[in-house]
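Source file protein35.json; content: JSON, C-alpha atoms.
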```json
[["chain", "number", "residue", "atom", "x", "y", "z"],
["A", 1, "MET", "CA", -0.63, 60.09, -92.71],
["A", 2, "PHE", "CA", 0.66, 63.65, -93.04],
["A", 3, "LEU", "CA", -2.81, 64.78, -94.17],
["A", 4, "ILE", "CA", -4.33, 63.29, -91.02],
["A", 5, "GLY", "CA", -1.75, 65.13, -88.97],
["A", 6, "PHE", "CA", -2.52, 68.39, -90.75],
["A", 7, "LEU", "CA", -6.25, 67.99, -90.06],
["A", 8, "LEU", "CA", -5.49, 67.39, -86.41],
["A", 9, "ILE", "CA", -3.48, 70.60, -86.39],
["A", 10, "ALA", "CA", -6.39, 72.52, -87.89],
["A", 11, "LEU", "CA", -8.64, 71.24, -85.11],
["A", 12, "VAL", "CA", -6.27, 71.59, -82.18],
["A", 13, "LEU", "CA", -3.77, 74.32, -83.08],
["A", 14, "LEU", "CA", -3.60, 76.88, -80.31],
["A", 15, "THR", "CA", -7.13, 76.24, -79.01],
["A", 16, "GLY", "CA", -5.86, 75.51, -75.54],
["A", 17, "CYS", "CA", -7.83, 72.29, -75.17],
["A", 18, "MET", "CA", -4.68, 70.37, -74.19],
["A", 19, "TYR", "CA", -3.29, 72.74, -71.56],
["A", 20, "LYS", "CA", -4.33, 75.99, -69.92],
["A", 21, "ILE", "CA", -2.92, 78.15, -67.18],
["A", 22, "PRO", "CA", -5.53, 79.39, -64.66],
["A", 23, "ASN", "CA", -7.81, 82.15, -65.90],
["A", 24, "ASP", "CA", -6.40, 85.61, -65.26],
["A", 25, "PRO", "CA", -8.73, 87.81, -63.14],
["A", 26, "HIS", "CA", -7.58, 90.88, -65.06],
["A", 27, "THR", "CA", -8.55, 89.45, -68.47],
["A", 28, "TYR", "CA", -12.08, 90.10, -69.73],
["A", 29, "ALA", "CA", -14.11, 88.69, -72.63],
["A", 30, "ARG", "CA", -15.68, 91.37, -74.79],
["A", 31, "THR", "CA", -17.66, 91.77, -78.01],
["A", 32, "ILE", "CA", -17.67, 94.54, -80.59],
["A", 33, "LEU", "CA", -19.64, 95.19, -83.77],
["A", 34, "SER", "CA", -17.56, 95.41, -86.94],
["A", 35, "ASP", "CA", -18.95, 95.35, -90.47],
["A", 36, "ASP", "CA", -22.32, 94.24, -89.04],
["A", 37, "LEU", "CA", -20.69, 91.21, -87.42],
["A", 38, "GLU", "CA", -20.37, 90.62, -83.68],
["A", 39, "ARG", "CA", -16.68, 90.01, -83.09],
["A", 40, "THR", "CA", -15.07, 88.77, -79.89],
["A", 41, "TYR", "CA", -11.80, 89.45, -78.13],
["A", 42, "ARG", "CA", -10.13, 89.11, -74.75],
["A", 43, "ILE", "CA", -8.45, 92.09, -73.15],
["A", 44, "HIS", "CA", -5.94, 92.09, -70.31],
["A", 45, "ILE", "CA", -6.08, 95.28, -68.25],
["A", 46, "PRO", "CA", -3.29, 95.26, -65.66],
["A", 47, "PRO", "CA", -3.92, 96.56, -62.13],
["A", 48, "VAL", "CA", -1.89, 99.69, -62.99],
["A", 49, "VAL", "CA", -2.16, 101.20, -66.49],
["A", 50, "ASP", "CA", -0.01, 104.02, -67.85],
["A", 51, "SER", "CA", -1.76, 107.31, -68.54],
["A", 52, "SER", "CA", -1.08, 106.75, -72.26],
["A", 53, "PRO", "CA", -0.29, 103.02, -72.52],
["A", 54, "SER", "CA", 1.03, 100.87, -75.33],
["A", 55, "LEU", "CA", -1.39, 98.45, -77.02],
["A", 56, "VAL", "CA", -0.27, 94.96, -78.04],
["A", 57, "PHE", "CA", -2.38, 92.64, -80.19],
["A", 58, "VAL", "CA", -1.56, 88.91, -79.94],
["A", 59, "LEU", "CA", -3.09, 86.88, -82.80],
["A", 60, "HIS", "CA", -3.84, 83.17, -82.81],
["A", 61, "GLY", "CA", -3.08, 80.85, -85.69],
["A", 62, "GLY", "CA", -5.54, 79.08, -87.99],
["A", 63, "GLY", "CA", -7.91, 76.92, -85.97],
["A", 64, "GLY", "CA", -7.00, 78.76, -82.76],
["A", 65, "THR", "CA", -8.58, 81.28, -80.41],
["A", 66, "GLY", "CA", -7.52, 84.35, -78.49],
["A", 67, "GLU", "CA", -7.97, 82.44, -75.25],
["A", 68, "GLY", "CA", -5.67, 79.70, -76.53],
["A", 69, "MET", "CA", -2.97, 82.28, -77.31],
["A", 70, "GLU", "CA", -3.32, 83.84, -73.88],
["A", 71, "ARG", "CA", -3.65, 80.81, -71.65],
["A", 72, "THR", "CA", -1.88, 78.05, -73.59],
["A", 73, "LEU", "CA", 0.71, 78.90, -76.19],
["A", 74, "THR", "CA", 2.28, 81.90, -74.43],
["A", 75, "PHE", "CA", 1.74, 80.63, -70.87],
["A", 76, "GLY", "CA", 0.19, 84.01, -69.99],
["A", 77, "GLY", "CA", 3.56, 85.67, -70.62],
["A", 78, "PHE", "CA", 2.19, 88.84, -72.19],
["A", 79, "ASN", "CA", -0.17, 89.31, -69.25],
["A", 80, "SER", "CA", 2.77, 89.15, -66.86],
["A", 81, "LEU", "CA", 4.71, 91.65, -68.98],
["A", 82, "ALA", "CA", 1.69, 93.96, -69.12],
["A", 83, "ASN", "CA", 1.41, 93.85, -65.33],
["A", 84, "GLN", "CA", 5.08, 94.78, -65.05],
["A", 85, "TYR", "CA", 5.17, 97.47, -67.74],
["A", 86, "HIS", "CA", 1.57, 98.73, -67.54],
["A", 87, "PHE", "CA", 0.39, 98.23, -71.12],
["A", 88, "ILE", "CA", -2.82, 96.77, -72.59],
["A", 89, "VAL", "CA", -2.91, 93.34, -74.27],
["A", 90, "VAL", "CA", -5.68, 92.22, -76.61],
["A", 91, "TYR", "CA", -6.27, 88.66, -77.87],
["A", 92, "PRO", "CA", -8.81, 88.93, -80.72],
["A", 93, "ASP", "CA", -10.69, 86.06, -82.32],
["A", 94, "GLY", "CA", -10.75, 85.46, -86.06],
["A", 95, "LEU", "CA", -14.04, 84.52, -87.71],
["A", 96, "GLU", "CA", -14.56, 80.80, -87.11],
["A", 97, "LYS", "CA", -10.94, 80.64, -85.87],
["A", 98, "ASN", "CA", -9.28, 82.09, -88.97],
["A", 99, "TRP", "CA", -8.02, 85.46, -90.20],
["A", 100, "ASN", "CA", -8.46, 86.84, -93.69],
["A", 101, "ASP", "CA", -4.74, 87.49, -94.14],
["A", 102, "GLY", "CA", -4.96, 88.21, -97.87],
["A", 103, "ARG", "CA", -4.33, 84.72, -99.24],
["A", 104, "THR", "CA", -6.64, 83.51, -102.02],
["A", 105, "ASN", "CA", -7.96, 80.01, -102.72],
["A", 106, "VAL", "CA", -8.23, 79.20, -99.01],
["A", 107, "THR", "CA", -11.40, 77.39, -97.96],
["A", 108, "ASP", "CA", -12.17, 78.76, -94.49],
["A", 109, "PRO", "CA", -15.06, 81.28, -94.15],
["A", 110, "ALA", "CA", -12.79, 84.22, -93.29],
["A", 111, "HIS", "CA", -11.15, 83.96, -96.70],
["A", 112, "GLN", "CA", -14.13, 82.70, -98.69],
["A", 113, "GLN", "CA", -16.39, 85.50, -97.40],
["A", 114, "ASN", "CA", -13.58, 88.07, -97.69],
["A", 115, "ILE", "CA", -14.12, 89.15, -94.08],
["A", 116, "ASP", "CA", -12.89, 92.69, -93.44],
["A", 117, "ASP", "CA", -10.41, 91.87, -90.70],
["A", 118, "VAL", "CA", -8.41, 95.02, -91.43],
["A", 119, "GLY", "CA", -11.57, 96.99, -90.69],
["A", 120, "PHE", "CA", -12.05, 94.96, -87.51],
["A", 121, "PHE", "CA", -8.63, 96.05, -86.28],
["A", 122, "ARG", "CA", -9.28, 99.66, -87.28],
["A", 123, "THR", "CA", -12.42, 99.58, -85.14],
["A", 124, "LEU", "CA", -10.65, 97.93, -82.22],
["A", 125, "ILE", "CA", -7.78, 100.43, -82.34],
["A", 126, "ASP", "CA", -10.13, 103.42, -82.47],
["A", 127, "ASN", "CA", -12.37, 102.16, -79.65],
["A", 128, "LEU", "CA", -9.53, 101.12, -77.35],
["A", 129, "THR", "CA", -7.63, 104.35, -78.04],
["A", 130, "ASN", "CA", -10.67, 106.33, -76.90],
["A", 131, "GLU", "CA", -11.23, 104.13, -73.85],
["A", 132, "PHE", "CA", -7.65, 103.91, -72.56],
["A", 133, "ASN", "CA", -5.98, 106.93, -74.17],
["A", 134, "ILE", "CA", -3.67, 104.56, -76.06],
["A", 135, "ASP", "CA", -0.41, 106.10, -77.27],
["A", 136, "PRO", "CA", -0.92, 106.19, -81.08],
["A", 137, "HIS", "CA", 2.84, 105.79, -81.55],
["A", 138, "ARG", "CA", 2.92, 102.51, -79.60],
["A", 139, "ILE", "CA", 0.44, 100.10, -81.20],
["A", 140, "TYR", "CA", 1.92, 96.68, -81.99],
["A", 141, "VAL", "CA", 0.87, 93.33, -83.49],
["A", 142, "THR", "CA", 2.31, 89.84, -83.04],
["A", 143, "GLY", "CA", 0.93, 86.45, -83.98],
["A", 144, "ILE", "CA", 1.70, 82.95, -85.11],
["A", 145, "SER", "CA", 1.06, 81.28, -88.48],
["A", 146, "ASN", "CA", -2.24, 82.66, -89.87],
["A", 147, "GLY", "CA", -1.92, 85.34, -87.14],
["A", 148, "ALA", "CA", 1.60, 86.16, -88.33],
["A", 149, "MET", "CA", 0.32, 86.60, -91.88],
["A", 150, "MET", "CA", -2.47, 88.82, -90.57],
["A", 151, "ALA", "CA", 0.16, 90.94, -88.82],
["A", 152, "TYR", "CA", 1.90, 91.32, -92.19],
["A", 153, "ARG", "CA", -1.38, 92.37, -93.80],
["A", 154, "LEU", "CA", -1.99, 95.04, -91.16],
["A", 155, "ALA", "CA", 1.51, 96.42, -91.72],
["A", 156, "PHE", "CA", 0.77, 96.52, -95.46],
["A", 157, "GLU", "CA", -2.65, 98.17, -95.22],
["A", 158, "ILE", "CA", -2.69, 100.35, -92.08],
["A", 159, "PRO", "CA", 0.98, 101.17, -91.43],
["A", 160, "GLU", "CA", -0.05, 104.62, -90.20],
["A", 161, "LYS", "CA", -1.57, 102.90, -87.16],
["A", 162, "ILE", "CA", 1.02, 100.17, -86.50],
["A", 163, "ALA", "CA", 4.46, 100.92, -85.04],
["A", 164, "ALA", "CA", 5.89, 97.40, -85.28],
["A", 165, "ILE", "CA", 4.96, 93.79, -85.93],
["A", 166, "ALA", "CA", 6.45, 90.49, -84.79],
["A", 167, "PRO", "CA", 5.33, 87.57, -87.01],
["A", 168, "VAL", "CA", 6.16, 84.10, -85.69],
["A", 169, "ALA", "CA", 6.16, 80.97, -87.90],
["A", 170, "GLY", "CA", 4.74, 82.91, -90.84],
["A", 171, "ALA", "CA", 5.86, 84.56, -94.06],
["A", 172, "ILE", "CA", 4.38, 87.16, -96.40],
["A", 173, "PRO", "CA", 1.48, 85.74, -98.45],
["A", 174, "THR", "CA", 2.29, 85.97, -102.15],
["A", 175, "ASP", "CA", -1.05, 87.67, -102.81],
["A", 176, "LEU", "CA", -0.15, 90.58, -100.50],
["A", 177, "LEU", "CA", 2.64, 91.62, -102.85],
["A", 178, "GLU", "CA", -0.02, 92.87, -105.27],
["A", 179, "TYR", "CA", -1.17, 95.45, -102.70],
["A", 180, "ASN", "CA", -0.06, 99.02, -103.40],
["A", 181, "ILE", "CA", 1.67, 99.55, -100.05],
["A", 182, "THR", "CA", 2.38, 103.12, -98.91],
["A", 183, "ASP", "CA", 5.90, 104.26, -98.08],
["A", 184, "ILE", "CA", 5.26, 104.44, -94.29],
["A", 185, "PRO", "CA", 7.98, 102.37, -92.55],
["A", 186, "VAL", "CA", 7.16, 99.73, -89.93],
["A", 187, "SER", "CA", 9.67, 97.97, -87.67],
["A", 188, "VAL", "CA", 9.54, 94.18, -88.04],
["A", 189, "CYS", "CA", 10.81, 91.32, -85.85],
["A", 190, "ILE", "CA", 10.57, 87.93, -87.60],
["A", 191, "MET", "CA", 10.91, 84.54, -85.88],
["A", 192, "SER", "CA", 10.77, 81.38, -87.99],
["A", 193, "GLY", "CA", 12.06, 77.84, -87.94],
["A", 194, "THR", "CA", 14.05, 76.37, -90.80],
["A", 195, "HIS", "CA", 12.14, 73.07, -90.46],
["A", 196, "ASP", "CA", 8.60, 74.43, -90.30],
["A", 197, "PRO", "CA", 6.38, 71.74, -91.91],
["A", 198, "LEU", "CA", 3.35, 74.03, -92.45],
["A", 199, "VAL", "CA", 4.72, 77.44, -93.52],
["A", 200, "PRO", "CA", 7.92, 76.49, -95.36],
["A", 201, "TRP", "CA", 11.05, 78.51, -94.68],
["A", 202, "GLU", "CA", 11.90, 78.49, -98.39],
["A", 203, "GLY", "CA", 8.41, 79.67, -99.37],
["A", 204, "GLY", "CA", 5.80, 78.03, -101.56],
["A", 205, "LEU", "CA", 2.69, 76.06, -100.67],
["A", 206, "VAL", "CA", 1.17, 76.42, -97.22],
["A", 207, "GLY", "CA", -0.47, 73.23, -95.94],
["A", 208, "THR", "CA", -0.41, 70.12, -98.12],
["A", 209, "PRO", "CA", -1.00, 69.46, -101.85],
["A", 210, "ARG", "CA", -4.36, 67.85, -100.99],
["A", 211, "ASN", "CA", -5.33, 70.68, -98.65],
["A", 212, "PRO", "CA", -3.57, 73.79, -100.02],
["A", 213, "ARG", "CA", -3.83, 77.05, -98.11],
["A", 214, "GLY", "CA", -2.29, 79.55, -100.48],
["A", 215, "THR", "CA", 1.37, 80.38, -100.99],
["A", 216, "VAL", "CA", 3.98, 82.53, -99.28],
["A", 217, "ILE", "CA", 7.33, 83.95, -100.23],
["A", 218, "SER", "CA", 10.33, 82.66, -98.28],
["A", 219, "VAL", "CA", 11.28, 83.90, -94.83],
["A", 220, "PRO", "CA", 14.54, 85.47, -96.13],
["A", 221, "GLU", "CA", 12.55, 87.19, -98.90],
["A", 222, "SER", "CA", 10.04, 88.44, -96.32],
["A", 223, "THR", "CA", 12.94, 89.90, -94.34],
["A", 224, "LEU", "CA", 14.47, 91.59, -97.40],
["A", 225, "PHE", "CA", 11.07, 92.99, -98.41],
["A", 226, "TRP", "CA", 10.90, 94.99, -95.18],
["A", 227, "CYS", "CA", 14.58, 95.95, -95.35],
["A", 228, "ASN", "CA", 13.86, 97.42, -98.78],
["A", 229, "HIS", "CA", 10.65, 99.05, -97.66],
["A", 230, "ASN", "CA", 12.23, 100.67, -94.59],
["A", 231, "ASN", "CA", 15.49, 101.44, -96.39],
["A", 232, "CYS", "CA", 17.49, 99.58, -93.75],
["A", 233, "SER", "CA", 21.15, 98.69, -93.96],
["A", 234, "PHE", "CA", 21.69, 95.42, -95.82],
["A", 235, "GLU", "CA", 24.70, 94.54, -93.66],
["A", 236, "PRO", "CA", 23.20, 92.80, -90.63],
["A", 237, "ASP", "CA", 24.64, 92.67, -87.16],
["A", 238, "SER", "CA", 24.62, 88.88, -86.66],
["A", 239, "THR", "CA", 24.75, 87.06, -83.34],
["A", 240, "VAL", "CA", 24.36, 83.39, -82.42],
["A", 241, "LEU", "CA", 22.36, 83.22, -79.20],
["A", 242, "PRO", "CA", 23.53, 81.06, -76.29],
["A", 243, "ASP", "CA", 22.38, 77.44, -76.46],
["A", 244, "ASN", "CA", 20.32, 77.53, -73.28],
["A", 245, "ASP", "CA", 18.80, 74.08, -73.82],
["A", 246, "SER", "CA", 20.92, 71.54, -75.66],
["A", 247, "THR", "CA", 18.10, 68.97, -75.43],
["A", 248, "ASP", "CA", 15.81, 70.87, -77.82],
["A", 249, "HIS", "CA", 18.28, 70.35, -80.71],
["A", 250, "THR", "CA", 17.83, 73.90, -82.02],
["A", 251, "TRP", "CA", 20.02, 76.96, -82.20],
["A", 252, "VAL", "CA", 19.14, 80.57, -82.97],
["A", 253, "GLN", "CA", 20.83, 83.30, -84.99],
["A", 254, "ARG", "CA", 19.71, 86.93, -84.70],
["A", 255, "ASP", "CA", 20.29, 89.28, -87.63],
["A", 256, "ILE", "CA", 19.65, 92.99, -87.03],
["A", 257, "TYR", "CA", 19.17, 95.24, -90.07],
["A", 258, "PRO", "CA", 19.43, 98.77, -88.62],
["A", 259, "GLN", "CA", 19.22, 102.38, -89.77],
["A", 260, "GLY", "CA", 15.82, 102.27, -91.43],
["A", 261, "ARG", "CA", 13.77, 105.36, -92.11],
["A", 262, "ASN", "CA", 12.33, 106.97, -88.97],
["A", 263, "ASN", "CA", 14.60, 104.79, -86.80],
["A", 264, "THR", "CA", 12.95, 101.56, -87.91],
["A", 265, "GLU", "CA", 14.75, 98.22, -87.84],
["A", 266, "VAL", "CA", 14.20, 94.71, -89.17],
["A", 267, "LEU", "CA", 15.22, 91.72, -87.05],
["A", 268, "LEU", "CA", 15.31, 88.08, -88.16],
["A", 269, "TYR", "CA", 15.56, 85.27, -85.64],
["A", 270, "THR", "CA", 16.47, 82.14, -87.60],
["A", 271, "ILE", "CA", 15.59, 79.09, -85.51],
["A", 272, "TYR", "CA", 17.68, 76.29, -86.96],
["A", 273, "ASN", "CA", 15.83, 72.95, -86.74],
["A", 274, "GLY", "CA", 12.85, 74.88, -85.34],
["A", 275, "GLY", "CA", 9.30, 74.05, -86.35],
["A", 276, "HIS", "CA", 5.84, 75.62, -86.49],
["A", 277, "THR", "CA", 6.02, 76.65, -82.85],
["A", 278, "TRP", "CA", 6.24, 79.59, -80.43],
["A", 279, "PRO", "CA", 9.77, 79.97, -79.01],
["A", 280, "ASP", "CA", 9.76, 78.82, -75.39],
["A", 281, "GLY", "CA", 6.01, 78.29, -75.68],
["A", 282, "TYR", "CA", 3.82, 75.24, -75.32],
["A", 283, "GLN", "CA", 4.63, 72.21, -77.50],
["A", 284, "TYR", "CA", 0.97, 71.91, -78.45],
["A", 285, "LEU", "CA", 1.40, 68.89, -80.75],
["A", 286, "PRO", "CA", 4.14, 66.25, -81.17],
["A", 287, "LYS", "CA", 7.38, 67.20, -82.89],
["A", 288, "ALA", "CA", 6.55, 64.74, -85.67],
["A", 289, "LEU", "CA", 3.61, 66.95, -86.65],
["A", 290, "VAL", "CA", 4.71, 70.54, -86.00],
["A", 291, "GLY", "CA", 8.45, 70.37, -85.41],
["A", 292, "ARG", "CA", 10.63, 71.43, -82.52],
["A", 293, "THR", "CA", 10.14, 74.26, -80.02],
["A", 294, "THR", "CA", 13.31, 76.17, -79.20],
["A", 295, "HIS", "CA", 14.07, 77.14, -75.62],
["A", 296, "ASP", "CA", 17.09, 79.26, -76.53],
["A", 297, "MET", "CA", 14.91, 82.38, -76.48],
["A", 298, "ASN", "CA", 11.57, 83.40, -75.00],
["A", 299, "ALA", "CA", 9.36, 84.92, -77.69],
["A", 300, "ASN", "CA", 7.18, 86.85, -75.24],
["A", 301, "ASN", "CA", 10.12, 88.68, -73.68],
["A", 302, "VAL", "CA", 11.98, 89.26, -76.95],
["A", 303, "ILE", "CA", 8.88, 90.60, -78.69],
["A", 304, "TRP", "CA", 8.00, 93.00, -75.89],
["A", 305, "GLU", "CA", 11.58, 94.26, -75.68],
["A", 306, "PHE", "CA", 11.49, 94.89, -79.44],
["A", 307, "PHE", "CA", 8.11, 96.63, -79.29],
["A", 308, "SER", "CA", 9.02, 98.79, -76.31],
["A", 309, "THR", "CA", 12.10, 100.14, -78.08],
["A", 310, "HIS", "CA", 10.44, 100.75, -81.47],
["A", 311, "PRO", "CA", 7.72, 103.39, -81.25],
["A", 312, "LYS", "CA", 6.49, 104.99, -84.46],
["A", 313, "GLU", "CA", 8.22, 108.27, -85.23]]
```

Translate the structure of the given file into structure tokens.
Amino acid sequence: MFLIGFLLIALVLLTGCMYKIPNDPHTYARTILSDDLERTYRIHIPPVVDSSPSLVFVLHGGGGTGEGMERTLTFGGFNSLANQYHFIVVYPDGLEKNWNDGRTNVTDPAHQQNIDDVGFFRTLIDNLTNEFNIDPHRIYVTGISNGAMMAYRLAFEIPEKIAAIAPVAGAIPTDLLEYNITDIPVSVCIMSGTHDPLVPWEGGLVGTPRNPRGTVISVPESTLFWCNHNNCSFEPDSTVLPDNDSTDHTWVQRDIYPQGRNNTEVLLYTIYNGGHTWPDGYQYLPKALVGRTTHDMNANNVIWEFFSTHPKE
């Protein structure tokens, strides 16, 4: 029964086929050539854009699409924030709805064909920087699940281009630890649920034994990895957030690890009883399949606040 549920997730996760807000007139579908492949993405260009704006990438999970992230899971929240704060938002599409996030022994084409998704983001960053005069110190990446792991990979491989990442419902793929990461620090804001049925909080197998999708280290280990890398303080400033919705049966603790090199920080939002979901986002599948969605924090707002206060120095 759980396998059937997992297959449903792979088909439906974040595609937006169950719910969509109206299409945003300031969001445009585009294509770009990368590694001889035509790649697609959606870009939100607010009515007013800063002379040197920030650039935020929002990455879908496995089986999802950029449109699903924009119009379904986040309820268009990043578009609203971009309109208010005048930055550019991009919702890219993985090859056949998946990102090559560095995991091995995963059966989707992005992994099997070793698609150069890092190169895809290099190309996007360079082209958009030329087009919009993007501030090179304010380029950010967030994403959920497979998109969260892709955000980790970008921070590993092109940290000179990325100021901060915000992975949601994801942990560092074990295979990434073999990469010879440079010493460039990157600020990191992690949000994960302790009862995530697909990317386990304690690490280990992603997916199911009959349909394995690689392995990850635990969420606490992912946090400590970046604390070590950035040379942050190991004494966190811990706060329990207000329980804004007692009916969701979750509660959230924020741990801030400050004083990293070049003013970087690492934040961990532990969502107790939380599942494989976007905080205050759309409950895209039943709780029995993906777990609970917390409403004690809004991921869109928290992520943008973190990004806006953590430029690369």

Checklist line | Ref. answer, residues at most 12 Å from (21.8, 97.9, -94.6) with all atoms listed in the file, as a PyMOL selection string | finding: chain A and resi 223-224+226-237+255-261+264-267

Next item on the list: Using all atoms listed in the file, pick whichever of A:Pro197, A:Pro311, A:Pro109, A:Gly204 has the shortest atom-to-atom distance to Asn273 (chain A).
Entry: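 When distances to Asn273 (chain A) are compared using all atoms listed in the file, the smallest one comes from A:Pro197.
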
Next item on the list: Could you check which of A:Asn301, A:Thr294, A:Thr277, A:Asn180 is closest to Ile144 (chain A), using all atoms listed in the file?
Entry: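 Of A:Asn301, A:Thr294, A:Thr277, A:Asn180, the one nearest Ile144 (chain A), counting all atoms listed in the file, is A:Thr277.
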
Note to self: Rounded to one decimal, what separation in Å do you get between CA of Ile88 (chain A) and CA of Thr72 (chain A)?
What the structure shows: 18.8 Å

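A straight line drawn from CA of Asp248 (chain A) to CA of Gly274 (chain A) is 9.0 Å long.
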
Checklist line | A:Arg103, A:Arg292, A:His111, A:Arg254 ranked by distance to Val206 (chain A), top pick (using only C-alpha atoms) | finding: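 Checking each of A:Arg103, A:Arg292, A:His111, A:Arg254 against Val206 (chain A), counting only C-alpha atoms, the winner is A:Arg103.
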
Notebook entry, point to check: Quick one: of A:Met150, A:Leu73, A:Leu241, A:Val141, who's nearest to Asp280 (chain A), counting all atoms listed in the file?
Noted result: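 Nearest to Asp280 (chain A): A:Leu73.
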
Next item on the list: Identify which of the residues A:Ile43, A:Asn100, A:Ile125, A:Glu202 lies closest to Arg153 (chain A), counting all atoms listed in the file when measuring atom-to-atom distances.
Entry: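 Under the stated criterion, the closest residue is A:Asn100.
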
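Nearest residue to Asn262 (chain A) among A:Thr250, A:Ser187, A:Gln84, A:Gln112 is A:Ser187, counting all atoms listed in the file.
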